[in-house]
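K.L.:
Here it is, the structure in full.
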Amino acid sequence: MKTYRIAAMGGDGIGPDVIKAGCHVLQALAEKNGSFALSFQDFDWGSDYYRRTGRMMPADGLQQLEGFDAIFFGAVGAPDIPDHVTLWELRLAICQGFDQYANVRPTRLLPGIKGPLRPDLGEQIDWVIVRENSEGEYAGVGGRAHRGLPIEVAMDVSVFTREGVARICRHACEVAMARPRKHLTVVTKSNAQRHGMVMWDEVCAEITAQYPTLTVEKMLVDAMTARMVMKPGSVDTVVATNLHADILSDLASALAGSLGIGATGNIDPSRKRPSMFEPIHGSAFDITGKGIANPLGAFWTASMMLEHLGEAPAAAKLMRAVEMVTSRGDVLTPDLGGKATTDQVTEAIINAIRGVNL
């Protein structure tokens with residue numbers, strides 16, 4: 001029996017709660033499945049670790065994670081620590097250190113969930129957004145000078161490399177080709193950003209030309225936001241830069257009912273290093289400790305992790321269990337209009353896994 005080693009890292013805020021819930025669900029699924037096992041190791045890195053040590057993770061953190069099959073990550077961020085510290089010294093340190101250059105975010109309206117769009121539009125949502133995850137506006141290039149003076153200057157430089165654009169577009173093409181519609185929208189802003197984004201367009205055109213059976217179109221990012229709201233059924237697979245896809249994917253989760261549902265995988269397609277899977281809702285300190293965090297994003301993320309590990313049937317079973325529970329409508333957390341707790345939703349999913357022929 002194959003045993004997968006998973007690094008479980010709750011991080012900050014509601015992160016530990018949803019990752020704990022996800023681990024419980026994954027264990028129940030593995031026991032039900034019987035063909036694989038999961039071995040979890042907890043890592044307490046994050047803001048509490050920073051307060052104790054002055055670091056978000058140990059200096060040899062990447063070396064400690066290298067031997068794992070995947071990383072199951074909760075959230076990062078705390079009100080009393082600057083965001084650029086929490087993000088760059090943990091999540092981005094792992095993503096960039098392991099070259100997890102493909103951030104993949106699926107979105108659809110789950111049964112029983114009411115999104116902000118009218119029903120006939122909400123039901124059309126079935127998207128995968130592929131986000132470039134290593135460069136662009138988040139490359140970390142820039143600086144500040146003359147702090148506190150009238151001439152103070154701050155600069156963040158968007159970095160686009162030919163290989164960086166080519167590899168994310170190629171990955172997006174493969175994702176799109178694996179979906180029934182075989183339809184890819186390349187998001188850009190080359191009308192205003194006339195250097196990096198123009199190269200983005202050129203390289204994406206070169207790569208997509210290698211997929212003659214793929215339907216490809218190009219759209220400006222601002223028009224894309226309107227299209228996702230007004231004509232969601234016209235969208236399937238999307239590839240966009242680090243910043244643009246960050247914004248579009250949060251919009252996608254909101255249109256699907258709640259940021260608490262959103263799931264993502266930070267993927268190293270070469271599989272030389274472990275990929276990291278995380279719900280996208282953030283640390284949500286306004287509800288931390290209340291026991292009402294929505295764990296569905298962690299469960300969807302867990303399904304993505306299983307699929308990446310080669311356990312596609314188990315991943316599908318987990319998503320069917322999630323859909324069975326959401327379709328009932330009586331076990332939903334407050335962000336979805338319900339009154340259930342994190343533990344109650346988790347118990348309902350586990351019962352669906354154990355008691356129903358999925």
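Note on naming: chains are A, B, ... as they come in the structure tokens, residues start from 1 per chain, ligands start from 1 in the order shown.
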Just want the 6 Å neighbourhood of region 128-132 of chain A, counted on only C-alpha atoms, with same-chain residues fewer than 3 positions away dropped. Output as a VMD selection string.
P.N.:
chain A and resid 101 to 106 168 172 237 to 242 245
K.L.:
Take the residues from that selection and put them in a file with N, CA and C atoms, as a compact mmCIF listing (two decimals), in the first residue's frame.
P.N.:
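Saved file result_17.txt follows:
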# COMPACT_ATOMS: atom_id res chain seq x y z
N TYR A 101 5.53 27.16 -9.91
CA TYR A 101 5.21 28.30 -10.77
C TYR A 101 3.79 28.29 -11.31
N ALA A 102 3.06 27.21 -11.12
CA ALA A 102 1.69 27.14 -11.62
C ALA A 102 0.72 27.12 -10.46
N ASN A 103 -0.05 28.19 -10.33
CA ASN A 103 -1.10 28.24 -9.32
C ASN A 103 -2.42 27.95 -10.03
N VAL A 104 -3.05 26.86 -9.64
CA VAL A 104 -4.25 26.39 -10.34
C VAL A 104 -5.45 26.50 -9.41
N ARG A 105 -6.50 27.22 -9.87
CA ARG A 105 -7.66 27.47 -9.03
C ARG A 105 -8.96 27.12 -9.77
N PRO A 106 -9.60 26.02 -9.41
CA PRO A 106 -10.89 25.69 -10.02
C PRO A 106 -12.03 26.43 -9.31
N ILE A 168 4.16 28.79 -18.09
CA ILE A 168 2.82 28.87 -17.51
C ILE A 168 1.76 28.76 -18.60
N ALA A 172 -1.13 25.91 -18.83
CA ALA A 172 -2.54 26.27 -19.00
C ALA A 172 -3.14 25.57 -20.21
N THR A 237 -11.22 27.86 -19.26
CA THR A 237 -9.88 27.90 -18.67
C THR A 237 -9.26 29.27 -18.96
N VAL A 238 -8.60 29.82 -17.95
CA VAL A 238 -8.03 31.17 -18.04
C VAL A 238 -6.57 31.11 -17.62
N VAL A 239 -5.71 31.80 -18.34
CA VAL A 239 -4.32 31.96 -17.89
C VAL A 239 -4.04 33.44 -17.77
N ALA A 240 -3.41 33.82 -16.67
CA ALA A 240 -3.15 35.24 -16.41
C ALA A 240 -1.90 35.39 -15.56
N THR A 241 -1.41 36.63 -15.50
CA THR A 241 -0.21 36.91 -14.73
C THR A 241 -0.48 36.77 -13.24
N ASN A 242 0.59 36.85 -12.47
CA ASN A 242 0.52 36.67 -11.03
C ASN A 242 -0.50 37.62 -10.39
N ALA A 245 -4.31 37.25 -12.13
CA ALA A 245 -5.01 36.02 -11.74
C ALA A 245 -5.31 35.99 -10.26
K.L.:
Hey, what's within 9 Å of region 265-276 of chain A if we count only C-alpha atoms and toss same-chain stuff fewer than 2 positions away? As number ranges by chain, please?
P.N.:
A: 65-73, 94-95, 98-105, 133, 171, 263, 278-279, 301, 304-305, 308
K.L.:
Work out how far CA of Thr185 (chain A) is from CA of Asp201 (chain A), in Å to one decimal.
P.N.:
11.6 Å
K.L.:
Counting only C-alpha atoms, which of A:Thr264, A:Gln63, A:Ser249, A:Ser258 gets nearest to Gly337 (chain A)?
P.N.:
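The shortest atom-to-atom distance to Gly337 (chain A) comes from A:Ser258.
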K.L.:
Quick one: pick out all strand (DSSP E or B) residues within region 139-341 of chain A from a backbone DSSP run and write them as number ranges by chain.
P.N.:
A: 139-145, 153-159, 183-188, 215-220, 237-240, 263-267, 275-279
K.L.:
Tell me, as a list in words, which residues lie within 8 Å of region 289-291 of chain A, counting only C-alpha atoms; anything in the same chain fewer than 2 positions away does not count.
P.N.:
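After dropping sequence-adjacent residues, the list is Gly13, Ile14, Asp17, Ile287, Ala293, Thr341, Thr342 and Asp343 of chain A.
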K.L.:
So that I can check the surroundings of region 224-232 of chain A, please list as a PyMOL selection string every protein, DNA and RNA residue that reaches within 7 Å of it, counting only C-alpha atoms and ignoring chain neighbours fewer than 6 positions away.
P.N.:
chain A and resi 121+124-125+248
K.L.:
Which of region 82-303 of chain A end up as helix (DSSP H, G or I) when DSSP is run on this backbone - answer as a VMD selection string?
P.N.:
chain A and resid 83 to 97 119 to 122 162 to 177 196 to 208 221 to 230 232 to 234 242 to 255 259 to 261 296 to 303
K.L.:
Give me, as a ChimeraX atom specification, all polymer residues having an atom no more than 12 Å from Gly61 (chain A), counting only C-alpha atoms and skipping those fewer than 2 positions away in the same chain.
P.N.:
/A:7,9,43-46,55-59,63-67,89-91,93-94,97-98
K.L.:
Between A:Glu137, A:Ala21, A:Ala154, A:Leu214, single out the one closest to Gln193 (chain A), counting only C-alpha atoms.
P.N.:
A:Glu137
K.L.:
Pick out the residues sitting within 9 Å of Trp200 (chain A), and hand them over as a list of chain:residue names; count only C-alpha atoms, and ignore anything fewer than 2 positions along from it in its own chain.
P.N.:
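In the requested form, the answer reads A:Phe160, A:Thr161, A:Arg162, A:Val165, A:Ala166, A:Thr188, A:Ser190, A:His195, A:Gly196, A:Met197, A:Val198, A:Glu202, A:Val203, A:Cys204, A:Ala205, A:Thr241.
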K.L.:
Find the residue from A:Ser39, A:Thr208, A:Ser234, A:Thr288 that sits nearest to Gln27 (chain A); use only C-alpha atoms when measuring.
P.N.:
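Checking each of A:Ser39, A:Thr208, A:Ser234, A:Thr288 against Gln27 (chain A), counting only C-alpha atoms, the winner is A:Ser39.
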K.L.:
Here is a test: counting only C-alpha atoms, which residue of A:Ala340, A:Ala302, A:Ile151, A:Ile353 is nearest to Gly22 (chain A)?
P.N.:
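Using only C-alpha atoms, Gly22 (chain A) sits closest to A:Ala302.
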K.L.:
I'd like the contact shell of Ala348 (chain A) - 12 Å cut-off, only C-alpha atoms, skipping same-chain residues fewer than 5 positions apart - returned as an NGL selection string.
P.N.:
:A and (21 or 24-25 or 28 or 295-296 or 321-332 or 340-343 or 353-356)
K.L.:
Taking into account only C-alpha atoms, which residue in the set A:Val187, A:Ile292, A:Ile113, A:Ile6 is nearest to Gly257 (chain A)?
P.N.:
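Among the listed residues, the smallest separation from Gly257 (chain A) belongs to A:Ile113.
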K.L.:
Which is closest to Val159 (chain A) among A:Ala352, A:Ala30, A:Val141, A:Ala256, if we use only C-alpha atoms?
P.N.:
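Of A:Ala352, A:Ala30, A:Val141, A:Ala256, the one nearest Val159 (chain A), counting only C-alpha atoms, is A:Val141.
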K.L.:
What separation in Å, quoted to one decimal, exists between CA of Ser47 (chain A) and CA of Gly282 (chain A)?
P.N.:
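Computing the Euclidean distance for CA of Ser47 (chain A) and CA of Gly282 (chain A) yields 13.2 Å.
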